[in-house]
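Asker: JSON, C-alpha atoms, file work.json:
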```
[["chain", "number", "residue", "atom", "x", "y", "z"],
["A", 1, "MET", "CA", 105.25, 89.75, 80.81],
["A", 2, "THR", "CA", 101.97, 90.88, 82.35],
["A", 3, "ALA", "CA", 101.13, 94.41, 83.40],
["A", 4, "PHE", "CA", 101.00, 95.06, 87.12],
["A", 5, "THR", "CA", 97.78, 96.79, 88.14],
["A", 6, "GLY", "CA", 98.42, 97.51, 91.83],
["A", 7, "GLU", "CA", 100.78, 99.89, 93.66],
["A", 8, "LEU", "CA", 104.18, 99.78, 91.97],
["A", 9, "SER", "CA", 106.94, 99.42, 94.52],
["A", 10, "SER", "CA", 109.65, 97.07, 93.28],
["A", 11, "LEU", "CA", 111.93, 97.23, 90.26],
["A", 12, "ALA", "CA", 110.38, 94.05, 88.86],
["A", 13, "GLN", "CA", 106.87, 95.51, 89.11],
["A", 14, "PHE", "CA", 107.90, 98.66, 87.26],
["A", 15, "LYS", "CA", 109.53, 96.63, 84.50],
["A", 16, "ASP", "CA", 106.50, 94.37, 84.13],
["A", 17, "ALA", "CA", 104.06, 97.29, 84.12],
["A", 18, "TYR", "CA", 105.83, 98.99, 81.22],
["A", 19, "PHE", "CA", 106.99, 95.84, 79.40],
["A", 20, "LEU", "CA", 110.63, 96.86, 79.70],
["A", 21, "SER", "CA", 112.90, 93.84, 79.39],
["A", 22, "GLU", "CA", 116.33, 93.35, 80.92],
["A", 23, "GLU", "CA", 117.70, 93.19, 77.39],
["A", 24, "GLU", "CA", 116.32, 96.67, 76.69],
["A", 25, "ILE", "CA", 117.83, 98.01, 79.93],
["A", 26, "SER", "CA", 121.18, 96.50, 78.98],
["A", 27, "LEU", "CA", 120.88, 98.09, 75.54],
["A", 28, "ILE", "CA", 120.44, 101.56, 77.08],
["A", 29, "ARG", "CA", 123.43, 101.04, 79.35],
["A", 30, "GLU", "CA", 125.67, 99.68, 76.60],
["A", 31, "LYS", "CA", 124.87, 102.44, 74.13],
["A", 32, "SER", "CA", 125.24, 105.11, 76.83],
["A", 33, "LYS", "CA", 128.79, 103.95, 77.52],
["A", 34, "GLN", "CA", 129.71, 104.92, 73.97],
["A", 35, "LEU", "CA", 128.37, 108.46, 74.23],
["A", 36, "PRO", "CA", 131.05, 111.18, 74.37],
["A", 37, "GLN", "CA", 131.44, 112.80, 77.78],
["A", 38, "ASP", "CA", 131.14, 116.29, 76.36],
["A", 39, "ALA", "CA", 127.65, 115.44, 75.04],
["A", 40, "LEU", "CA", 126.57, 114.28, 78.50],
["A", 41, "ASP", "CA", 128.08, 117.37, 80.13],
["A", 42, "LYS", "CA", 126.24, 119.53, 77.63],
["A", 43, "ALA", "CA", 122.97, 117.84, 78.60],
["A", 44, "ILE", "CA", 123.39, 118.87, 82.24],
["A", 45, "GLU", "CA", 124.35, 122.40, 81.16],
["A", 46, "GLN", "CA", 121.10, 122.62, 79.17],
["A", 47, "LEU", "CA", 119.10, 121.49, 82.17],
["A", 48, "ALA", "CA", 120.86, 123.90, 84.53],
["A", 49, "TYR", "CA", 120.34, 126.78, 82.10],
["A", 50, "SER", "CA", 116.63, 126.01, 81.87],
["A", 51, "LEU", "CA", 116.29, 126.01, 85.66],
["A", 52, "GLU", "CA", 118.16, 129.28, 86.03],
["A", 53, "ARG", "CA", 116.99, 131.30, 83.01],
["A", 54, "GLY", "CA", 114.25, 129.33, 81.27],
["A", 55, "PRO", "CA", 110.61, 130.49, 80.98],
["A", 56, "PHE", "CA", 109.65, 128.47, 84.08],
["A", 57, "SER", "CA", 112.75, 129.24, 86.16],
["A", 58, "SER", "CA", 110.66, 131.01, 88.81],
["A", 59, "HIS", "CA", 109.00, 127.67, 89.63],
["A", 60, "TYR", "CA", 112.31, 126.17, 90.78],
["A", 61, "PRO", "CA", 113.89, 127.16, 94.13],
["A", 62, "ASP", "CA", 117.59, 127.90, 94.38],
["A", 63, "PHE", "CA", 118.40, 124.66, 96.23],
["A", 64, "LEU", "CA", 117.26, 122.65, 93.17],
["A", 65, "LYS", "CA", 119.50, 124.66, 90.88],
["A", 66, "VAL", "CA", 122.43, 123.96, 93.19],
["A", 67, "HIS", "CA", 121.38, 120.30, 93.34],
["A", 68, "ILE", "CA", 121.72, 119.95, 89.56],
["A", 69, "HIS", "CA", 125.31, 121.25, 89.62],
["A", 70, "GLN", "CA", 126.39, 119.26, 92.68],
["A", 71, "ARG", "CA", 124.90, 115.96, 91.51],
["A", 72, "LYS", "CA", 125.93, 116.24, 87.88],
["A", 73, "GLU", "CA", 127.69, 112.87, 87.72],
["A", 74, "GLN", "CA", 124.91, 111.07, 89.60],
["A", 75, "ILE", "CA", 122.27, 112.47, 87.26],
["A", 76, "ILE", "CA", 124.20, 111.43, 84.18],
["A", 77, "GLY", "CA", 124.69, 107.96, 85.62],
["A", 78, "SER", "CA", 121.03, 107.57, 86.61],
["A", 79, "TYR", "CA", 119.82, 108.31, 83.09],
["A", 80, "SER", "CA", 122.47, 106.40, 81.21],
["A", 81, "LEU", "CA", 124.90, 103.97, 82.82],
["A", 82, "HIS", "CA", 122.84, 103.15, 85.93],
["A", 83, "VAL", "CA", 119.41, 102.87, 84.32],
["A", 84, "LEU", "CA", 117.10, 100.80, 86.56],
["A", 85, "THR", "CA", 119.73, 99.10, 88.67],
["A", 86, "ASP", "CA", 118.53, 97.34, 91.83],
["A", 87, "ASP", "CA", 118.84, 100.45, 93.97],
["A", 88, "PHE", "CA", 117.53, 102.89, 91.32],
["A", 89, "VAL", "CA", 113.90, 102.91, 92.50],
["A", 90, "GLU", "CA", 114.81, 103.38, 96.15],
["A", 91, "GLU", "CA", 117.36, 106.13, 95.50],
["A", 92, "GLN", "CA", 115.14, 108.07, 93.10],
["A", 93, "SER", "CA", 112.15, 107.73, 95.44],
["A", 94, "LYS", "CA", 114.10, 109.32, 98.30],
["A", 95, "ILE", "CA", 115.39, 112.15, 96.11],
["A", 96, "ARG", "CA", 111.92, 112.93, 94.68],
["A", 97, "LEU", "CA", 110.21, 112.86, 98.04],
["A", 98, "ASP", "CA", 112.84, 115.20, 99.50],
["A", 99, "ILE", "CA", 112.42, 117.66, 96.64],
["A", 100, "LEU", "CA", 108.61, 117.54, 96.86],
["A", 101, "GLN", "CA", 108.72, 118.12, 100.61],
["A", 102, "ARG", "CA", 110.90, 121.17, 100.07],
["A", 103, "GLY", "CA", 108.20, 122.90, 98.08],
["A", 104, "VAL", "CA", 108.62, 122.00, 94.41],
["A", 105, "SER", "CA", 105.17, 121.52, 92.86],
["A", 106, "LEU", "CA", 104.24, 118.33, 91.02],
["A", 107, "GLU", "CA", 103.67, 120.28, 87.81],
["A", 108, "ALA", "CA", 107.11, 121.89, 87.96],
["A", 109, "PHE", "CA", 108.76, 118.58, 88.82],
["A", 110, "ILE", "CA", 107.08, 116.77, 85.91],
["A", 111, "ARG", "CA", 108.19, 119.54, 83.56],
["A", 112, "LEU", "CA", 111.75, 119.21, 84.85],
["A", 113, "LEU", "CA", 111.84, 115.43, 84.37],
["A", 114, "ALA", "CA", 110.23, 115.67, 80.95],
["A", 115, "GLN", "CA", 112.90, 118.13, 79.87],
["A", 116, "LEU", "CA", 115.65, 115.93, 81.28],
["A", 117, "HIS", "CA", 114.24, 112.91, 79.43],
["A", 118, "GLU", "CA", 113.99, 114.85, 76.19],
["A", 119, "ILE", "CA", 117.59, 116.06, 76.46],
["A", 120, "PHE", "CA", 118.97, 112.54, 76.94],
["A", 121, "PHE", "CA", 116.62, 111.11, 74.30],
["A", 122, "ASN", "CA", 117.87, 113.64, 71.76],
["A", 123, "ILE", "CA", 121.47, 112.71, 72.53],
["A", 124, "LEU", "CA", 120.72, 109.03, 71.93],
["A", 125, "ARG", "CA", 118.78, 109.84, 68.76],
["A", 126, "GLU", "CA", 121.63, 111.99, 67.48],
["A", 127, "HIS", "CA", 124.24, 109.27, 67.99],
["A", 128, "TYR", "CA", 122.05, 106.24, 67.18],
["A", 129, "PRO", "CA", 119.44, 107.51, 64.70],
["A", 130, "GLN", "CA", 118.78, 104.06, 63.22],
["A", 131, "ASP", "CA", 118.47, 102.17, 66.51],
["A", 132, "ILE", "CA", 114.69, 102.19, 66.95],
["A", 133, "ASP", "CA", 114.80, 99.52, 69.68],
["A", 134, "LEU", "CA", 117.07, 101.74, 71.76],
["A", 135, "LEU", "CA", 114.81, 104.78, 71.41],
["A", 136, "ILE", "CA", 111.68, 102.76, 72.26],
["A", 137, "ALA", "CA", 113.40, 101.26, 75.30],
["A", 138, "TYR", "CA", 114.44, 104.70, 76.53],
["A", 139, "LYS", "CA", 110.89, 106.02, 76.20],
["A", 140, "LYS", "CA", 109.67, 103.10, 78.34],
["A", 141, "PHE", "CA", 112.27, 103.98, 80.94],
["A", 142, "ASN", "CA", 111.10, 107.60, 80.89],
["A", 143, "GLN", "CA", 107.56, 106.45, 81.73],
["A", 144, "ILE", "CA", 108.85, 104.45, 84.68],
["A", 145, "ASP", "CA", 110.83, 107.45, 85.89],
["A", 146, "LEU", "CA", 107.71, 109.64, 85.81],
["A", 147, "ASN", "CA", 105.70, 106.93, 87.57],
["A", 148, "ILE", "CA", 108.18, 106.90, 90.45],
["A", 149, "LEU", "CA", 107.60, 110.64, 90.85],
["A", 150, "ALA", "CA", 103.80, 110.18, 90.74],
["A", 151, "ARG", "CA", 104.01, 107.43, 93.37],
["A", 152, "GLU", "CA", 106.06, 109.57, 95.75],
["A", 153, "TYR", "CA", 103.66, 112.46, 95.26],
["A", 154, "ARG", "CA", 100.76, 110.19, 96.20],
["A", 155, "HIS", "CA", 102.63, 109.02, 99.29],
["A", 156, "LYS", "CA", 103.31, 112.61, 100.26],
["A", 157, "MET", "CA", 99.66, 113.62, 99.85],
["A", 158, "VAL", "CA", 98.40, 110.58, 101.78],
["A", 159, "SER", "CA", 100.84, 111.34, 104.61],
["A", 160, "GLU", "CA", 99.80, 115.00, 104.75],
["A", 161, "LEU", "CA", 96.12, 114.05, 104.68],
["A", 162, "GLN", "CA", 96.66, 111.64, 107.55],
["A", 163, "GLN", "CA", 98.42, 114.35, 109.55],
["A", 164, "GLN", "CA", 95.54, 116.75, 108.88],
["A", 165, "ASN", "CA", 93.01, 114.11, 109.92],
["A", 166, "ASP", "CA", 94.95, 113.47, 113.12],
["A", 167, "ALA", "CA", 95.01, 117.19, 113.85],
["A", 168, "LEU", "CA", 91.28, 117.49, 113.17],
["A", 169, "ARG", "CA", 90.54, 114.57, 115.47],
["A", 170, "GLU", "CA", 92.54, 116.23, 118.23],
["A", 171, "LEU", "CA", 90.64, 119.47, 117.68],
["A", 172, "SER", "CA", 87.32, 117.63, 117.62],
["A", 173, "THR", "CA", 88.02, 116.00, 120.98],
["A", 174, "PRO", "CA", 89.46, 118.84, 123.12],
["A", 175, "ILE", "CA", 89.86, 117.77, 126.74],
["A", 176, "ALA", "CA", 89.82, 120.77, 129.08],
["A", 177, "GLN", "CA", 90.70, 120.98, 132.76],
["A", 178, "ILE", "CA", 87.86, 123.15, 134.08],
["A", 179, "TRP", "CA", 88.61, 122.78, 137.78],
["A", 180, "GLN", "CA", 91.26, 121.26, 139.95],
["A", 181, "GLY", "CA", 90.96, 117.51, 139.36],
["A", 182, "ILE", "CA", 88.04, 117.88, 136.89],
["A", 183, "LEU", "CA", 88.35, 117.24, 133.16],
["A", 184, "LEU", "CA", 85.68, 117.90, 130.52],
["A", 185, "LEU", "CA", 85.36, 116.50, 127.02],
["A", 186, "PRO", "CA", 82.41, 117.76, 124.93],
["A", 187, "LEU", "CA", 81.73, 115.50, 121.93],
["A", 188, "VAL", "CA", 80.05, 116.75, 118.77],
["A", 189, "GLY", "CA", 78.87, 115.02, 115.61],
["A", 190, "PHE", "CA", 78.98, 111.38, 114.63],
["A", 191, "ILE", "CA", 80.85, 108.89, 116.79],
["A", 192, "ASP", "CA", 81.85, 105.58, 115.24],
["A", 193, "SER", "CA", 83.73, 102.72, 116.87],
["A", 194, "HIS", "CA", 87.11, 103.94, 115.61],
["A", 195, "ARG", "CA", 86.64, 107.44, 116.98],
["A", 196, "ALA", "CA", 85.23, 106.06, 120.25],
["A", 197, "GLN", "CA", 88.39, 103.99, 120.69],
["A", 198, "GLU", "CA", 90.59, 107.05, 120.06],
["A", 199, "ILE", "CA", 88.53, 109.09, 122.53],
["A", 200, "MET", "CA", 88.95, 106.40, 125.16],
["A", 201, "GLY", "CA", 92.73, 106.29, 124.70],
["A", 202, "ASN", "CA", 93.01, 110.08, 124.84],
["A", 203, "MET", "CA", 90.75, 110.22, 127.89],
["A", 204, "LEU", "CA", 92.79, 107.70, 129.88],
["A", 205, "GLN", "CA", 96.04, 109.42, 128.94],
["A", 206, "GLN", "CA", 94.75, 112.79, 130.16],
["A", 207, "ILE", "CA", 93.42, 111.21, 133.38],
["A", 208, "ALA", "CA", 96.87, 109.84, 134.10],
["A", 209, "GLU", "CA", 98.69, 113.06, 133.20],
["A", 210, "LYS", "CA", 96.35, 115.38, 135.15],
["A", 211, "SER", "CA", 95.61, 113.00, 138.06],
["A", 212, "ALA", "CA", 91.92, 113.69, 137.47],
["A", 213, "GLU", "CA", 89.34, 112.84, 140.11],
["A", 214, "VAL", "CA", 86.34, 113.41, 137.84],
["A", 215, "PHE", "CA", 86.01, 113.14, 134.08],
["A", 216, "ILE", "CA", 82.91, 114.58, 132.40],
["A", 217, "LEU", "CA", 82.05, 113.24, 128.99],
["A", 218, "ASP", "CA", 79.34, 115.44, 127.48],
["A", 219, "ILE", "CA", 77.51, 113.85, 124.52],
["A", 220, "SER", "CA", 74.75, 116.44, 124.07],
["A", 221, "GLY", "CA", 76.15, 117.19, 120.59],
["A", 222, "VAL", "CA", 76.35, 113.56, 119.50],
["A", 223, "VAL", "CA", 73.96, 112.67, 116.70],
["A", 224, "THR", "CA", 73.41, 108.99, 117.42],
["A", 225, "VAL", "CA", 74.76, 106.12, 119.48],
["A", 226, "ASP", "CA", 74.90, 102.51, 118.29],
["A", 227, "THR", "CA", 75.62, 99.36, 120.28],
["A", 228, "ALA", "CA", 79.37, 99.47, 119.73],
["A", 229, "VAL", "CA", 79.65, 103.12, 120.82],
["A", 230, "ALA", "CA", 77.40, 102.55, 123.84],
["A", 231, "ASN", "CA", 79.60, 99.66, 124.90],
["A", 232, "TYR", "CA", 82.64, 101.92, 124.58],
["A", 233, "LEU", "CA", 80.95, 104.42, 126.92],
["A", 234, "ILE", "CA", 80.58, 101.66, 129.49],
["A", 235, "LYS", "CA", 84.20, 100.63, 128.99],
["A", 236, "MET", "CA", 85.30, 104.24, 129.48],
["A", 237, "THR", "CA", 83.55, 104.53, 132.83],
["A", 238, "HIS", "CA", 84.99, 101.21, 134.01],
["A", 239, "ALA", "CA", 88.51, 102.07, 132.83],
["A", 240, "ALA", "CA", 88.34, 105.48, 134.52],
["A", 241, "LYS", "CA", 87.14, 103.89, 137.75],
["A", 242, "LEU", "CA", 90.08, 101.47, 137.68],
["A", 243, "MET", "CA", 92.32, 104.56, 137.56],
["A", 244, "GLY", "CA", 90.53, 106.07, 140.55],
["A", 245, "THR", "CA", 88.48, 108.56, 138.51],
["A", 246, "GLU", "CA", 84.74, 109.07, 138.52],
["A", 247, "CYS", "CA", 83.37, 109.29, 134.96],
["A", 248, "ILE", "CA", 80.12, 111.21, 134.41],
["A", 249, "ILE", "CA", 78.37, 111.10, 131.03],
["A", 250, "SER", "CA", 76.20, 114.16, 130.57],
["A", 251, "GLY", "CA", 73.80, 115.46, 127.95],
["A", 252, "ILE", "CA", 72.12, 112.22, 126.93],
["A", 253, "SER", "CA", 69.31, 113.35, 124.65],
["A", 254, "PRO", "CA", 65.87, 111.69, 124.70],
["A", 255, "TYR", "CA", 66.62, 110.12, 121.32],
["A", 256, "VAL", "CA", 69.95, 108.67, 122.45],
["A", 257, "ALA", "CA", 68.41, 107.47, 125.74],
["A", 258, "GLN", "CA", 65.61, 105.73, 123.85],
["A", 259, "THR", "CA", 68.10, 104.19, 121.44],
["A", 260, "MET", "CA", 70.22, 102.83, 124.29],
["A", 261, "VAL", "CA", 67.16, 101.30, 125.96],
["A", 262, "GLU", "CA", 66.05, 99.70, 122.69],
["A", 263, "LEU", "CA", 69.55, 98.30, 122.22],
["A", 264, "GLY", "CA", 69.35, 96.70, 125.66],
["A", 265, "ILE", "CA", 72.28, 98.69, 127.07],
["A", 266, "ASP", "CA", 72.50, 98.47, 130.87],
["A", 267, "ILE", "CA", 72.33, 102.19, 131.66],
["A", 268, "GLU", "CA", 72.78, 101.52, 135.39],
["A", 269, "GLN", "CA", 76.42, 100.78, 134.64],
["A", 270, "ILE", "CA", 76.90, 104.40, 133.53],
["A", 271, "HIS", "CA", 76.90, 107.47, 135.78],
["A", 272, "THR", "CA", 74.77, 109.93, 133.80],
["A", 273, "THR", "CA", 73.24, 113.38, 134.17],
["A", 274, "ALA", "CA", 70.72, 115.18, 131.99],
["A", 275, "SER", "CA", 72.88, 118.24, 131.45],
["A", 276, "MET", "CA", 76.47, 119.38, 131.64],
["A", 277, "GLN", "CA", 75.46, 121.80, 134.42],
["A", 278, "ASP", "CA", 74.30, 118.92, 136.60],
["A", 279, "ALA", "CA", 77.49, 117.03, 135.83],
["A", 280, "LEU", "CA", 79.60, 120.05, 136.83],
["A", 281, "LYS", "CA", 77.73, 120.38, 140.14],
["A", 282, "GLN", "CA", 78.33, 116.74, 140.96],
["A", 283, "ALA", "CA", 81.95, 116.92, 139.86],
["A", 284, "ILE", "CA", 82.67, 119.98, 142.01],
["A", 285, "GLN", "CA", 80.97, 118.37, 145.00],
["A", 286, "THR", "CA", 83.00, 115.20, 144.49],
["A", 287, "SER", "CA", 86.22, 117.13, 144.05],
["A", 288, "HIS", "CA", 85.49, 119.33, 147.10],
["A", 289, "HIS", "CA", 84.76, 116.26, 149.18],
["A", 290, "GLU", "CA", 88.05, 114.70, 148.09],
["A", 291, "LEU", "CA", 89.93, 117.86, 149.08],
["A", 292, "ILE", "CA", 88.27, 117.92, 152.54],
["A", 293, "THR", "CA", 88.94, 114.25, 153.23],
["A", 294, "LYS", "CA", 92.56, 114.70, 152.21]]
```
When written as structure tokens, how does the structure in this file appear?
Answerer:
Amino acid sequence: MTAFTGELSSLAQFKDAYFLSEEEISLIREKSKQLPQDALDKAIEQLAYSLERGPFSSHYPDFLKVHIHQRKEQIIGSYSLHVLTDDFVEEQSKIRLDILQRGVSLEAFIRLLAQLHEIFFNILREHYPQDIDLLIAYKKFNQIDLNILAREYRHKMVSELQQQNDALRELSTPIAQIWQGILLLPLVGFIDSHRAQEIMGNMLQQIAEKSAEVFILDISGVVTVDTAVANYLIKMTHAAKLMGTECIISGISPYVAQTMVELGIDIEQIHTTASMQDALKQAIQTSHHELITK
């Protein structure tokens, strides 16, 4: 076997990463079948007692304490008779993610699993004190079990970070309706191609939803503009025009203007103004004219 160095996702990858053979898994299952039921029941009672009255009981919400009692048979099976079956990884991943999302901290969860592992390990050691292969195999399984928790915690954190980034992007590109038929989007900071594409999509969506006649894109707070971003600005004006909306780009600084000239960008394709105030005047005049002609 060779250790797997990437993201562990399948049962085979977990087994390879921790050098746990199918023979060792079968050994755990076979020996577990011979354990007396009262010993297994006692293990769950120990775990439940620790959650309810142990030194760290305050770290565990009530739903988890109920969960231990309600899923007693499933827990016993998962750590004895059903060790690393084909659906083990998927089932345990779902359970861990659900518990993490309901507020149990990673530290508290690791402590809970470590205690559960120790309880079952002690039962095996008590009944099979001379079977070193069994005890080593079970310790390998424990490591896999903890790795599944760590993986789900990473997934949870990545998902939350992505949601926060999405929220920040929405806050950083607030489109406001400042007049009937006039939308304004002030941009601040660094604009890369990815953000420019998101801005364009958001802009076109708002134009459609608000039936905008004029869209002002103010870039006075933008640090720099490269070729890709400048091309996106041109695309934005063309796309807006196709939707019947006049797009005005305001606040082009001397530095950005010079950069665009040096990059060979055809500025004549973009309707620009020096300031947002000038853009607002033109937008109101355009909007007023549209109202009169209607």
Asker: Using all atoms listed in the file, determine which residues lie at most 12 Å from Ser26 in chain A, disregarding the query and same-chain residues fewer than 3 positions distant; provide the list as a list of chain:residue names.
Answerer: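 Skipping anything fewer than 3 positions along the chain leaves A:Leu20, A:Ser21, A:Glu22, A:Glu23, A:Arg29, A:Glu30, A:Lys31, A:Ser32, A:Lys33, A:Ser80, A:Leu81, A:His82, A:Val83, A:Leu84, A:Thr85, A:Asp133, A:Leu134, A:Ala137, A:Tyr138, A:Phe141.
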Asker: Of the residues A:His271, A:Lys42, A:Lys235, A:Lys281, which is the one nearest to Ile252 in chain A, using only C-alpha atoms?
Answerer: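 Distance minimum relative to Ile252 in chain A lands on A:His271.
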Asker: So how far away is CA of Pro61 in chain A from CA of Glu118 in chain A, in Å?
Answerer: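 A separation of 21.8 Å between them.
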Asker: Fewer than 6 positions away in the same chain doesn't count, so skip those; otherwise give me all residues within 9 Å of Arg125 in chain A, counting all atoms listed in the file, as a ChimeraX atom specification.
Answerer: /A:131-132,134-135
Asker: Near Leu97 in chain A, counting only C-alpha atoms, which residues have an atom at most 8 Å away, once you skip same-chain residues fewer than 4 positions from it, shown as a PyMOL selection string?
Answerer: chain A and resi 93+101+149+152-153+156
Asker: Could you list, as a ChimeraX atom specification, every residue within 9 Å of Thr286 in chain A, counting only C-alpha atoms and ignoring same-chain residues fewer than 5 positions away?
Answerer: /A:213-214,246,281,291
Asker: So, with all atoms listed in the file as the atoms that count, which of A:Leu124, A:Ile68, A:Leu187, A:Leu8 lies closest to Ser220 in chain A?
Answerer: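 Of A:Leu124, A:Ile68, A:Leu187, A:Leu8, the one nearest Ser220 in chain A is A:Leu187, counting all atoms listed in the file.
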Asker: Considering only C-alpha atoms, can you say which of A:Gln282, A:Thr227, A:Gln70, A:Ser57 comes closest to Phe109 in chain A?
Answerer: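 Ranking A:Gln282, A:Thr227, A:Gln70, A:Ser57 by distance to Phe109 in chain A, first place goes to A:Ser57.
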Asker: I'd like the interatomic distance between CA of Ser193 in chain A and CA of Met276 in chain A, to a tenth of an Å.
Answerer: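 Distance between the two atoms: 23.4 Å.
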Asker: Set the distance at 9 Å and use all atoms listed in the file: which residues neighbour Tyr232 in chain A once local chain neighbours fewer than 2 positions away are removed? I'd like the list as number ranges by chain.
Answerer: A: 193, 196-197, 200, 227-230, 234-237
Asker: Between A:Pro186, A:Pro36, A:Gly181, A:Pro55, single out the one closest to Ile284 in chain A, counting only C-alpha atoms.
Answerer: A:Gly181
Asker: Work out how far apart CA of Ser275 in chain A and CA of Ile182 in chain A are and give it in Å to one decimal.
Answerer: 16.1 Å
